[in-house]
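As stored in final-v6.cif (mmCIF, N, CA and C atoms):
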```
data_work
loop_
_atom_site.group_PDB
_atom_site.id
_atom_site.type_symbol
_atom_site.label_atom_id
_atom_site.label_comp_id
_atom_site.auth_asym_id
_atom_site.auth_seq_id
_atom_site.Cartn_x
_atom_site.Cartn_y
_atom_site.Cartn_z
ATOM 1 N N MET Q 9 0.839 -1.181 0.000
ATOM 2 C CA MET Q 9 0.000 0.000 0.000
ATOM 3 C C MET Q 9 0.885 1.246 0.000
ATOM 4 N N ILE Q 10 0.491 2.201 -0.770
ATOM 5 C CA ILE Q 10 1.246 3.444 -0.876
ATOM 6 C C ILE Q 10 0.850 4.363 0.268
ATOM 7 N N ASN Q 11 1.854 4.951 0.882
ATOM 8 C CA ASN Q 11 1.625 5.837 2.009
ATOM 9 C C ASN Q 11 1.287 7.243 1.492
ATOM 10 N N PRO Q 12 0.069 7.732 1.742
ATOM 11 C CA PRO Q 12 -0.283 9.068 1.247
ATOM 12 C C PRO Q 12 0.518 10.180 1.908
ATOM 13 N N ILE Q 13 1.085 9.914 3.058
ATOM 14 C CA ILE Q 13 1.902 10.931 3.728
ATOM 15 C C ILE Q 13 3.130 11.257 2.883
ATOM 16 N N ILE Q 14 3.676 10.270 2.191
ATOM 17 C CA ILE Q 14 4.830 10.505 1.317
ATOM 18 C C ILE Q 14 4.427 11.417 0.162
ATOM 19 N N LEU Q 15 3.277 11.161 -0.449
ATOM 20 C CA LEU Q 15 2.818 11.996 -1.562
ATOM 21 C C LEU Q 15 2.569 13.437 -1.111
ATOM 22 N N VAL Q 16 1.942 13.607 0.029
ATOM 23 C CA VAL Q 16 1.683 14.956 0.540
ATOM 24 C C VAL Q 16 2.995 15.646 0.908
ATOM 25 N N SER Q 17 3.938 14.903 1.477
ATOM 26 C CA SER Q 17 5.242 15.479 1.835
ATOM 27 C C SER Q 17 6.001 15.956 0.602
ATOM 28 N N VAL Q 18 5.963 15.175 -0.468
ATOM 29 C CA VAL Q 18 6.621 15.582 -1.710
ATOM 30 C C VAL Q 18 5.961 16.836 -2.267
ATOM 31 N N PHE Q 19 4.635 16.886 -2.216
ATOM 32 C CA PHE Q 19 3.904 18.059 -2.701
ATOM 33 C C PHE Q 19 4.282 19.307 -1.903
ATOM 34 N N ILE Q 20 4.315 19.198 -0.595
ATOM 35 C CA ILE Q 20 4.650 20.347 0.251
ATOM 36 C C ILE Q 20 6.086 20.791 0.018
ATOM 37 N N ALA Q 21 7.012 19.838 -0.089
ATOM 38 C CA ALA Q 21 8.420 20.184 -0.330
ATOM 39 C C ALA Q 21 8.590 20.891 -1.676
ATOM 40 N N CYS Q 22 7.909 20.420 -2.712
ATOM 41 C CA CYS Q 22 8.000 21.055 -4.029
ATOM 42 C C CYS Q 22 7.373 22.444 -4.026
ATOM 43 N N THR Q 23 6.281 22.599 -3.288
ATOM 44 C CA THR Q 23 5.638 23.906 -3.186
ATOM 45 C C THR Q 23 6.558 24.917 -2.518
ATOM 46 N N ILE Q 24 7.186 24.521 -1.435
ATOM 47 C CA ILE Q 24 8.102 25.423 -0.716
ATOM 48 C C ILE Q 24 9.320 25.750 -1.574
ATOM 49 N N ALA Q 25 9.889 24.744 -2.224
ATOM 50 C CA ALA Q 25 11.062 24.987 -3.084
ATOM 51 C C ALA Q 25 10.707 25.922 -4.231
ATOM 52 N N GLY Q 26 9.559 25.706 -4.866
ATOM 53 C CA GLY Q 26 9.131 26.567 -5.966
ATOM 54 C C GLY Q 26 8.900 27.989 -5.516
ATOM 55 N N TYR Q 27 8.324 28.160 -4.339
ATOM 56 C CA TYR Q 27 8.085 29.501 -3.814
ATOM 57 C C TYR Q 27 9.404 30.255 -3.624
ATOM 58 N N PHE Q 28 10.385 29.600 -3.017
ATOM 59 C CA PHE Q 28 11.646 30.281 -2.761
ATOM 60 C C PHE Q 28 12.440 30.534 -4.042
ATOM 61 N N ILE Q 29 12.290 29.678 -5.027
ATOM 62 C CA ILE Q 29 12.978 29.909 -6.306
ATOM 63 C C ILE Q 29 12.388 31.133 -6.999
ATOM 64 N N ILE Q 30 11.063 31.223 -7.070
ATOM 65 C CA ILE Q 30 10.413 32.351 -7.732
ATOM 66 C C ILE Q 30 10.597 33.640 -6.938
ATOM 67 N N LYS Q 31 10.585 33.537 -5.625
ATOM 68 C CA LYS Q 31 10.727 34.713 -4.765
ATOM 69 C C LYS Q 31 12.062 35.413 -4.981
ATOM 70 N N ASN Q 32 13.113 34.664 -5.289
ATOM 71 C CA ASN Q 32 14.455 35.226 -5.426
ATOM 72 C C ASN Q 32 14.761 35.754 -6.823
ATOM 73 N N VAL Q 33 13.822 35.660 -7.753
ATOM 74 C CA VAL Q 33 14.041 36.184 -9.105
ATOM 75 C C VAL Q 33 13.670 37.663 -9.109
ATOM 76 N N PRO Q 34 14.601 38.547 -9.491
ATOM 77 C CA PRO Q 34 14.268 39.973 -9.549
ATOM 78 C C PRO Q 34 13.174 40.245 -10.582
ATOM 79 N N SER Q 35 12.382 41.281 -10.340
ATOM 80 C CA SER Q 35 11.247 41.566 -11.220
ATOM 81 C C SER Q 35 11.690 41.901 -12.645
ATOM 82 N N LEU Q 36 12.880 42.485 -12.810
ATOM 83 C CA LEU Q 36 13.363 42.791 -14.164
ATOM 84 C C LEU Q 36 13.682 41.530 -14.961
ATOM 85 N N LEU Q 37 14.049 40.474 -14.274
ATOM 86 C CA LEU Q 37 14.377 39.229 -14.968
ATOM 87 C C LEU Q 37 13.175 38.299 -15.110
ATOM 88 N N HIS Q 38 12.114 38.593 -14.395
ATOM 89 C CA HIS Q 38 10.986 37.673 -14.393
ATOM 90 C C HIS Q 38 10.367 37.514 -15.779
ATOM 91 N N THR Q 39 10.157 38.620 -16.489
ATOM 92 C CA THR Q 39 9.515 38.549 -17.798
ATOM 93 C C THR Q 39 10.367 37.807 -18.824
ATOM 94 N N PRO Q 40 11.674 38.108 -18.970
ATOM 95 C CA PRO Q 40 12.463 37.353 -19.950
ATOM 96 C C PRO Q 40 12.614 35.873 -19.597
ATOM 97 N N LEU Q 41 12.656 35.576 -18.326
ATOM 98 C CA LEU Q 41 12.836 34.179 -17.930
ATOM 99 C C LEU Q 41 11.544 33.375 -18.008
ATOM 100 N N MET Q 42 10.426 34.068 -18.140
ATOM 101 C CA MET Q 42 9.137 33.380 -18.125
ATOM 102 C C MET Q 42 9.002 32.403 -19.287
ATOM 103 N N SER Q 43 9.476 32.783 -20.466
ATOM 104 C CA SER Q 43 9.337 31.878 -21.607
ATOM 105 C C SER Q 43 10.164 30.613 -21.411
ATOM 106 N N GLY Q 44 11.326 30.751 -20.813
ATOM 107 C CA GLY Q 44 12.130 29.559 -20.520
ATOM 108 C C GLY Q 44 11.486 28.692 -19.456
ATOM 109 N N MET Q 45 10.821 29.322 -18.510
ATOM 110 C CA MET Q 45 10.168 28.572 -17.444
ATOM 111 C C MET Q 45 8.932 27.827 -17.942
ATOM 112 N N ASN Q 46 8.349 28.287 -19.049
ATOM 113 C CA ASN Q 46 7.192 27.579 -19.590
ATOM 114 C C ASN Q 46 7.565 26.158 -19.982
ATOM 115 N N ALA Q 47 8.739 26.004 -20.549
ATOM 116 C CA ALA Q 47 9.184 24.650 -20.913
ATOM 117 C C ALA Q 47 9.393 23.815 -19.652
ATOM 118 N N LEU Q 48 9.926 24.443 -18.627
ATOM 119 C CA LEU Q 48 10.136 23.727 -17.373
ATOM 120 C C LEU Q 48 8.810 23.386 -16.702
ATOM 121 N N SER Q 49 7.797 24.207 -16.945
ATOM 122 C CA SER Q 49 6.478 23.931 -16.371
ATOM 123 C C SER Q 49 5.877 22.658 -16.955
ATOM 124 N N GLY Q 50 6.370 22.235 -18.104
ATOM 125 C CA GLY Q 50 5.924 20.966 -18.666
ATOM 126 C C GLY Q 50 6.234 19.806 -17.742
ATOM 127 N N VAL Q 51 7.259 19.965 -16.917
ATOM 128 C CA VAL Q 51 7.599 18.934 -15.942
ATOM 129 C C VAL Q 51 6.463 18.787 -14.938
ATOM 130 N N THR Q 52 5.724 19.859 -14.701
ATOM 131 C CA THR Q 52 4.585 19.807 -13.789
ATOM 132 C C THR Q 52 3.534 18.828 -14.303
ATOM 133 N N ILE Q 53 3.321 18.844 -15.606
ATOM 134 C CA ILE Q 53 2.350 17.909 -16.188
ATOM 135 C C ILE Q 53 2.837 16.471 -16.023
ATOM 136 N N VAL Q 54 4.113 16.252 -16.297
ATOM 137 C CA VAL Q 54 4.671 14.903 -16.133
ATOM 138 C C VAL Q 54 4.560 14.457 -14.675
ATOM 139 N N GLY Q 55 4.834 15.380 -13.756
ATOM 140 C CA GLY Q 55 4.714 15.058 -12.333
ATOM 141 C C GLY Q 55 3.284 14.748 -11.934
ATOM 142 N N ALA Q 56 2.336 15.518 -12.467
ATOM 143 C CA ALA Q 56 0.927 15.275 -12.149
ATOM 144 C C ALA Q 56 0.468 13.926 -12.690
ATOM 145 N N ILE Q 57 0.895 13.603 -13.898
ATOM 146 C CA ILE Q 57 0.522 12.303 -14.479
ATOM 147 C C ILE Q 57 1.156 11.163 -13.688
ATOM 148 N N THR Q 58 2.423 11.333 -13.329
ATOM 149 C CA THR Q 58 3.119 10.295 -12.564
ATOM 150 C C THR Q 58 2.490 10.103 -11.191
ATOM 151 N N ALA Q 59 2.226 11.208 -10.489
ATOM 152 C CA ALA Q 59 1.630 11.102 -9.158
ATOM 153 C C ALA Q 59 0.230 10.501 -9.224
ATOM 154 N N THR Q 60 -0.529 10.863 -10.243
ATOM 155 C CA THR Q 60 -1.877 10.309 -10.395
ATOM 156 C C THR Q 60 -1.815 8.809 -10.655
ATOM 157 N N GLY Q 61 -0.940 8.418 -11.570
ATOM 158 C CA GLY Q 61 -0.788 6.984 -11.841
ATOM 159 C C GLY Q 61 -0.294 6.220 -10.631
ATOM 160 N N TYR Q 62 0.646 6.799 -9.913
ATOM 161 C CA TYR Q 62 1.195 6.170 -8.712
ATOM 162 C C TYR Q 62 0.120 6.022 -7.645
ATOM 163 N N ALA Q 63 -0.708 7.055 -7.475
ATOM 164 C CA ALA Q 63 -1.775 7.006 -6.480
ATOM 165 C C ALA Q 63 -2.868 6.030 -6.888
ATOM 166 N N LEU Q 64 -3.163 5.956 -8.195
ATOM 167 C CA LEU Q 64 -4.203 5.034 -8.654
ATOM 168 C C LEU Q 64 -3.810 3.580 -8.442
ATOM 169 N N VAL Q 65 -2.536 3.279 -8.631
ATOM 170 C CA VAL Q 65 -2.072 1.907 -8.411
ATOM 171 C C VAL Q 65 -2.235 1.528 -6.946
ATOM 172 N N GLY Q 66 -1.975 2.467 -6.061
ATOM 173 C CA GLY Q 66 -2.064 2.184 -4.631
ATOM 174 C C GLY Q 66 -3.479 2.143 -4.098
ATOM 175 N N THR Q 67 -4.444 2.697 -4.829
ATOM 176 C CA THR Q 67 -5.821 2.752 -4.315
ATOM 177 C C THR Q 67 -6.784 1.891 -5.122
ATOM 178 N N GLN Q 68 -6.284 0.910 -5.837
ATOM 179 C CA GLN Q 68 -7.174 0.077 -6.647
ATOM 180 C C GLN Q 68 -8.185 -0.677 -5.792
ATOM 181 N N ASN Q 69 -7.806 -1.059 -4.602
ATOM 182 C CA ASN Q 69 -8.711 -1.827 -3.745
ATOM 183 C C ASN Q 69 -9.391 -0.946 -2.706
ATOM 184 N N ALA Q 70 -9.330 0.373 -2.876
ATOM 185 C CA ALA Q 70 -9.870 1.275 -1.857
ATOM 186 C C ALA Q 70 -11.302 1.707 -2.138
ATOM 187 N N GLY Q 71 -11.907 1.290 -3.221
ATOM 188 C CA GLY Q 71 -13.306 1.607 -3.505
ATOM 189 C C GLY Q 71 -13.527 3.072 -3.828
ATOM 190 N N GLY Q 72 -14.252 3.781 -2.959
ATOM 191 C CA GLY Q 72 -14.605 5.175 -3.186
ATOM 192 C C GLY Q 72 -13.398 6.101 -3.223
ATOM 193 N N LEU Q 73 -12.336 5.742 -2.546
ATOM 194 C CA LEU Q 73 -11.125 6.570 -2.543
ATOM 195 C C LEU Q 73 -10.493 6.621 -3.928
ATOM 196 N N CYS Q 74 -10.680 5.553 -4.704
ATOM 197 C CA CYS Q 74 -10.131 5.514 -6.061
ATOM 198 C C CYS Q 74 -10.778 6.590 -6.930
ATOM 199 N N VAL Q 75 -12.069 6.808 -6.792
ATOM 200 C CA VAL Q 75 -12.775 7.830 -7.570
ATOM 201 C C VAL Q 75 -12.272 9.208 -7.173
ATOM 202 N N LEU Q 76 -12.105 9.443 -5.875
ATOM 203 C CA LEU Q 76 -11.585 10.724 -5.396
ATOM 204 C C LEU Q 76 -10.171 10.958 -5.918
ATOM 205 N N THR Q 77 -9.362 9.927 -5.933
ATOM 206 C CA THR Q 77 -7.999 10.039 -6.446
ATOM 207 C C THR Q 77 -7.995 10.370 -7.928
ATOM 208 N N GLN Q 78 -8.894 9.750 -8.688
ATOM 209 C CA GLN Q 78 -8.988 10.044 -10.116
ATOM 210 C C GLN Q 78 -9.409 11.487 -10.357
ATOM 211 N N ILE Q 79 -10.355 11.975 -9.577
ATOM 212 C CA ILE Q 79 -10.820 13.350 -9.747
ATOM 213 C C ILE Q 79 -9.705 14.342 -9.416
ATOM 214 N N ILE Q 80 -9.045 14.148 -8.298
ATOM 215 C CA ILE Q 80 -7.964 15.054 -7.899
ATOM 216 C C ILE Q 80 -6.806 14.975 -8.887
ATOM 217 N N GLY Q 81 -6.478 13.779 -9.350
ATOM 218 C CA GLY Q 81 -5.401 13.619 -10.323
ATOM 219 C C GLY Q 81 -5.713 14.295 -11.645
ATOM 220 N N CYS Q 82 -6.941 14.129 -12.126
ATOM 221 C CA CYS Q 82 -7.331 14.793 -13.377
ATOM 222 C C CYS Q 82 -7.327 16.301 -13.212
ATOM 223 N N LEU Q 83 -7.757 16.790 -12.053
ATOM 224 C CA LEU Q 83 -7.729 18.226 -11.776
ATOM 225 C C LEU Q 83 -6.291 18.749 -11.784
ATOM 226 N N ALA Q 84 -5.375 17.980 -11.204
ATOM 227 C CA ALA Q 84 -3.957 18.391 -11.198
ATOM 228 C C ALA Q 84 -3.408 18.463 -12.619
ATOM 229 N N ILE Q 85 -3.757 17.503 -13.438
ATOM 230 C CA ILE Q 85 -3.274 17.489 -14.822
ATOM 231 C C ILE Q 85 -3.857 18.674 -15.606
ATOM 232 N N VAL Q 86 -5.149 18.943 -15.423
ATOM 233 C CA VAL Q 86 -5.787 20.056 -16.133
ATOM 234 C C VAL Q 86 -5.183 21.392 -15.694
ATOM 235 N N LEU Q 87 -4.990 21.588 -14.394
ATOM 236 C CA LEU Q 87 -4.416 22.835 -13.901
ATOM 237 C C LEU Q 87 -2.979 23.022 -14.377
ATOM 238 N N ALA Q 88 -2.207 21.936 -14.429
ATOM 239 C CA ALA Q 88 -0.840 22.033 -14.933
ATOM 240 C C ALA Q 88 -0.835 22.399 -16.414
ATOM 241 N N ALA Q 89 -1.775 21.831 -17.184
ATOM 242 C CA ALA Q 89 -1.861 22.159 -18.612
ATOM 243 C C ALA Q 89 -2.266 23.613 -18.819
ATOM 244 N N ILE Q 90 -3.192 24.110 -17.996
ATOM 245 C CA ILE Q 90 -3.581 25.520 -18.086
ATOM 246 C C ILE Q 90 -2.380 26.410 -17.792
ATOM 247 N N ASN Q 91 -1.579 26.022 -16.817
ATOM 248 C CA ASN Q 91 -0.375 26.782 -16.474
ATOM 249 C C ASN Q 91 0.587 26.857 -17.652
ATOM 250 N N VAL Q 92 0.819 25.751 -18.302
ATOM 251 C CA VAL Q 92 1.758 25.714 -19.423
ATOM 252 C C VAL Q 92 1.220 26.506 -20.614
ATOM 253 N N PHE Q 93 -0.005 26.220 -21.033
ATOM 254 C CA PHE Q 93 -0.549 26.892 -22.212
ATOM 255 C C PHE Q 93 -0.796 28.376 -21.954
ATOM 256 N N GLY Q 94 -1.214 28.729 -20.746
ATOM 257 C CA GLY Q 94 -1.372 30.131 -20.399
ATOM 258 C C GLY Q 94 -0.045 30.867 -20.414
ATOM 259 N N GLY Q 95 0.995 30.207 -19.946
ATOM 260 C CA GLY Q 95 2.330 30.811 -19.969
ATOM 261 C C GLY Q 95 2.818 31.066 -21.383
ATOM 262 N N PHE Q 96 2.569 30.106 -22.284
ATOM 263 C CA PHE Q 96 2.965 30.322 -23.671
ATOM 264 C C PHE Q 96 2.135 31.436 -24.314
ATOM 265 N N GLY Q 97 0.857 31.535 -23.944
ATOM 266 C CA GLY Q 97 0.023 32.616 -24.475
ATOM 267 C C GLY Q 97 0.511 33.981 -24.018
ATOM 268 N N ILE Q 98 0.876 34.091 -22.755
ATOM 269 C CA ILE Q 98 1.398 35.355 -22.230
ATOM 270 C C ILE Q 98 2.727 35.693 -22.880
ATOM 271 N N THR Q 99 3.581 34.697 -23.059
ATOM 272 C CA THR Q 99 4.869 34.941 -23.712
ATOM 273 C C THR Q 99 4.667 35.410 -25.142
ATOM 274 N N HIS Q 100 3.702 34.820 -25.845
ATOM 275 C CA HIS Q 100 3.416 35.242 -27.214
ATOM 276 C C HIS Q 100 2.963 36.703 -27.250
ATOM 277 N N ARG Q 101 2.068 37.072 -26.341
ATOM 278 C CA ARG Q 101 1.615 38.463 -26.276
ATOM 279 C C ARG Q 101 2.770 39.399 -25.928
ATOM 280 N N MET Q 102 3.662 38.949 -25.049
ATOM 281 C CA MET Q 102 4.799 39.775 -24.650
ATOM 282 C C MET Q 102 5.734 39.987 -25.843
ATOM 283 N N LEU Q 103 5.953 38.963 -26.626
ATOM 284 C CA LEU Q 103 6.836 39.096 -27.785
ATOM 285 C C LEU Q 103 6.219 39.965 -28.872
ATOM 286 N N GLN Q 104 4.887 39.995 -28.957
ATOM 287 C CA GLN Q 104 4.218 40.855 -29.927
ATOM 288 C C GLN Q 104 4.463 42.331 -29.629
ATOM 289 N N MET Q 105 4.736 42.655 -28.381
ATOM 290 C CA MET Q 105 5.010 44.045 -28.011
ATOM 291 C C MET Q 105 6.316 44.542 -28.627
ATOM 292 N N PHE Q 106 7.220 43.626 -28.935
ATOM 293 C CA PHE Q 106 8.516 44.013 -29.472
ATOM 294 C C PHE Q 106 8.546 44.056 -30.995
ATOM 295 N N ASN Q 107 7.477 43.602 -31.649
ATOM 296 C CA ASN Q 107 7.407 43.678 -33.104
ATOM 297 C C ASN Q 107 7.172 45.120 -33.523
ATOM 298 N N LYS Q 108 7.878 45.531 -34.571
ATOM 299 C CA LYS Q 108 7.686 46.876 -35.097
ATOM 300 C C LYS Q 108 6.334 46.924 -35.809
ATOM 301 N N LYS Q 109 5.632 48.013 -35.581
ATOM 302 C CA LYS Q 109 4.328 48.164 -36.239
ATOM 303 C C LYS Q 109 4.554 48.531 -37.696
ATOM 304 N N LYS Q 110 3.786 47.889 -38.564
ATOM 305 C CA LYS Q 110 3.912 48.140 -39.998
ATOM 306 C C LYS Q 110 3.224 49.454 -40.356
ATOM 307 N N LYS Q 111 3.905 50.254 -41.180
ATOM 308 C CA LYS Q 111 3.307 51.497 -41.639
ATOM 309 C C LYS Q 111 2.622 51.253 -42.965
ATOM 310 N N ASN Q 112 1.425 51.807 -43.138
ATOM 311 C CA ASN Q 112 0.661 51.601 -44.369
ATOM 312 C C ASN Q 112 1.015 52.616 -45.402
#
```
Turn this file's structure into structure tokens for me.
Amino acid sequence: MINPIILVSVFIACTIAGYFIIKNVPSLLHTPLMSGMNALSGVTIVGAITATGYALVGTQNAGGLCVLTQIIGCLAIVLAAINVFGGFGITHRMLQMFNKKKKN
């Protein structure tokens, strides 16, 4: 049986590490580094899929808990995908600001 305390501990540790990494980035560097971080945010999707699969294997015999795990896992995957695609959309809009406007 998989210990849910381990999964929650990994989540909390990653949340704290991510907070301190982002907190230490100066605001002038945040915008240029954002496009590079979008690719790294793809790891979030891989992590969500891995954690969901790992949790589903451990809760196959848990009945109702399996449904809750599937819902939370799918929510994690959807939120991670929104983060990645939203980041690329913002980066695209940011890069459009640097294009020279065409004169007619």
Any chance you could work out the axis-aligned box around region 14-20 of chain Q, listed atoms only, 3 Å on each side, giving centre and edge lengths in Å to one decimal, as lines of an AutoDock Vina configuration file?
```
center_x = 4.2
center_y = 15.5
center_z = -0.3
size_x = 10.9
size_y = 16.5
size_z = 10.9
```
Find the distance between atom N of Ile24 (chain Q) and atom N of Met102 (chain Q) and write it in Å to one decimal.
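The value is 27.9 Å.
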Could you state which residues are captured by the PyMOL selection byres (((chain Q and resi 88-95 and name CA) around 7) and name CA) in this file, as JSON, numbers by chain?
{"Q": [46, 49, 50, 52, 53, 84, 85, 86, 87, 96, 97, 98, 99]}
Enter the distance from atom C of Ala63 (chain Q) to CA of Thr23 (chain Q), in Å, rounded to one decimal.
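CA of Thr23 (chain Q) lies 20.1 Å from atom C of Ala63 (chain Q).
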Between atom C of Val51 (chain Q) and atom N of Gln104 (chain Q), what distance in Å does the model show, to one decimal?
25.5 Å
Would you mind telling me which residue in Q:Phe106, Q:Gln78, Q:His100, Q:Lys31 lies nearest to Ala56 (chain Q) when using only C-alpha atoms?
Q:Gln78
Since the input lacks atoms, please generate all heavy atoms for region 80-89 of chain Q and provide them as a PDB file, in the coordinates of the input.
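Generated output (result01.pdb):
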```
ATOM      1  N   ILE Q  80      -9.045  14.148  -8.298  1.00  0.00           N
ATOM      2  CA  ILE Q  80      -7.964  15.054  -7.899  1.00  0.00           C
ATOM      3  C   ILE Q  80      -6.806  14.975  -8.887  1.00  0.00           C
ATOM      4  O   ILE Q  80      -6.216  15.994  -9.257  1.00  0.00           O
ATOM      5  CB  ILE Q  80      -7.496  14.746  -6.466  1.00  0.00           C
ATOM      6  CG1 ILE Q  80      -8.603  15.100  -5.475  1.00  0.00           C
ATOM      7  CG2 ILE Q  80      -6.220  15.517  -6.126  1.00  0.00           C
ATOM      8  CD1 ILE Q  80      -8.311  14.676  -4.055  1.00  0.00           C
ATOM      9  N   GLY Q  81      -6.478  13.779  -9.350  1.00  0.00           N
ATOM     10  CA  GLY Q  81      -5.401  13.619 -10.323  1.00  0.00           C
ATOM     11  C   GLY Q  81      -5.713  14.295 -11.645  1.00  0.00           C
ATOM     12  O   GLY Q  81      -4.864  14.983 -12.222  1.00  0.00           O
ATOM     13  N   CYS Q  82      -6.941  14.129 -12.126  1.00  0.00           N
ATOM     14  CA  CYS Q  82      -7.331  14.793 -13.377  1.00  0.00           C
ATOM     15  C   CYS Q  82      -7.327  16.301 -13.212  1.00  0.00           C
ATOM     16  O   CYS Q  82      -6.915  17.035 -14.113  1.00  0.00           O
ATOM     17  CB  CYS Q  82      -8.699  14.314 -13.825  1.00  0.00           C
ATOM     18  SG  CYS Q  82      -8.697  12.621 -14.430  1.00  0.00           S
ATOM     19  N   LEU Q  83      -7.757  16.790 -12.053  1.00  0.00           N
ATOM     20  CA  LEU Q  83      -7.729  18.226 -11.776  1.00  0.00           C
ATOM     21  C   LEU Q  83      -6.291  18.749 -11.784  1.00  0.00           C
ATOM     22  O   LEU Q  83      -6.016  19.814 -12.341  1.00  0.00           O
ATOM     23  CB  LEU Q  83      -8.403  18.517 -10.439  1.00  0.00           C
ATOM     24  CG  LEU Q  83      -8.487  19.974 -10.027  1.00  0.00           C
ATOM     25  CD1 LEU Q  83      -9.379  20.747 -11.006  1.00  0.00           C
ATOM     26  CD2 LEU Q  83      -9.032  20.094  -8.619  1.00  0.00           C
ATOM     27  N   ALA Q  84      -5.375  17.980 -11.204  1.00  0.00           N
ATOM     28  CA  ALA Q  84      -3.957  18.391 -11.198  1.00  0.00           C
ATOM     29  C   ALA Q  84      -3.408  18.463 -12.619  1.00  0.00           C
ATOM     30  O   ALA Q  84      -2.672  19.397 -12.960  1.00  0.00           O
ATOM     31  CB  ALA Q  84      -3.136  17.417 -10.358  1.00  0.00           C
ATOM     32  N   ILE Q  85      -3.757  17.503 -13.438  1.00  0.00           N
ATOM     33  CA  ILE Q  85      -3.274  17.489 -14.822  1.00  0.00           C
ATOM     34  C   ILE Q  85      -3.857  18.674 -15.606  1.00  0.00           C
ATOM     35  O   ILE Q  85      -3.144  19.357 -16.343  1.00  0.00           O
ATOM     36  CB  ILE Q  85      -3.613  16.145 -15.496  1.00  0.00           C
ATOM     37  CG1 ILE Q  85      -2.831  15.011 -14.830  1.00  0.00           C
ATOM     38  CG2 ILE Q  85      -3.313  16.192 -16.992  1.00  0.00           C
ATOM     39  CD1 ILE Q  85      -3.298  13.621 -15.203  1.00  0.00           C
ATOM     40  N   VAL Q  86      -5.149  18.943 -15.423  1.00  0.00           N
ATOM     41  CA  VAL Q  86      -5.787  20.056 -16.133  1.00  0.00           C
ATOM     42  C   VAL Q  86      -5.183  21.392 -15.694  1.00  0.00           C
ATOM     43  O   VAL Q  86      -4.871  22.249 -16.523  1.00  0.00           O
ATOM     44  CB  VAL Q  86      -7.322  20.039 -15.911  1.00  0.00           C
ATOM     45  CG1 VAL Q  86      -7.966  21.334 -16.360  1.00  0.00           C
ATOM     46  CG2 VAL Q  86      -7.939  18.862 -16.637  1.00  0.00           C
ATOM     47  N   LEU Q  87      -4.990  21.588 -14.394  1.00  0.00           N
ATOM     48  CA  LEU Q  87      -4.416  22.835 -13.901  1.00  0.00           C
ATOM     49  C   LEU Q  87      -2.979  23.022 -14.377  1.00  0.00           C
ATOM     50  O   LEU Q  87      -2.566  24.143 -14.716  1.00  0.00           O
ATOM     51  CB  LEU Q  87      -4.500  22.899 -12.381  1.00  0.00           C
ATOM     52  CG  LEU Q  87      -5.906  23.037 -11.800  1.00  0.00           C
ATOM     53  CD1 LEU Q  87      -5.868  22.973 -10.279  1.00  0.00           C
ATOM     54  CD2 LEU Q  87      -6.564  24.312 -12.275  1.00  0.00           C
ATOM     55  N   ALA Q  88      -2.207  21.936 -14.429  1.00  0.00           N
ATOM     56  CA  ALA Q  88      -0.840  22.033 -14.933  1.00  0.00           C
ATOM     57  C   ALA Q  88      -0.835  22.399 -16.414  1.00  0.00           C
ATOM     58  O   ALA Q  88      -0.010  23.198 -16.873  1.00  0.00           O
ATOM     59  CB  ALA Q  88      -0.092  20.716 -14.701  1.00  0.00           C
ATOM     60  N   ALA Q  89      -1.775  21.831 -17.184  1.00  0.00           N
ATOM     61  CA  ALA Q  89      -1.861  22.159 -18.612  1.00  0.00           C
ATOM     62  C   ALA Q  89      -2.266  23.613 -18.819  1.00  0.00           C
ATOM     63  O   ALA Q  89      -1.725  24.294 -19.694  1.00  0.00           O
ATOM     64  CB  ALA Q  89      -2.860  21.225 -19.301  1.00  0.00           C
TER      65      ALA Q  89
END
```
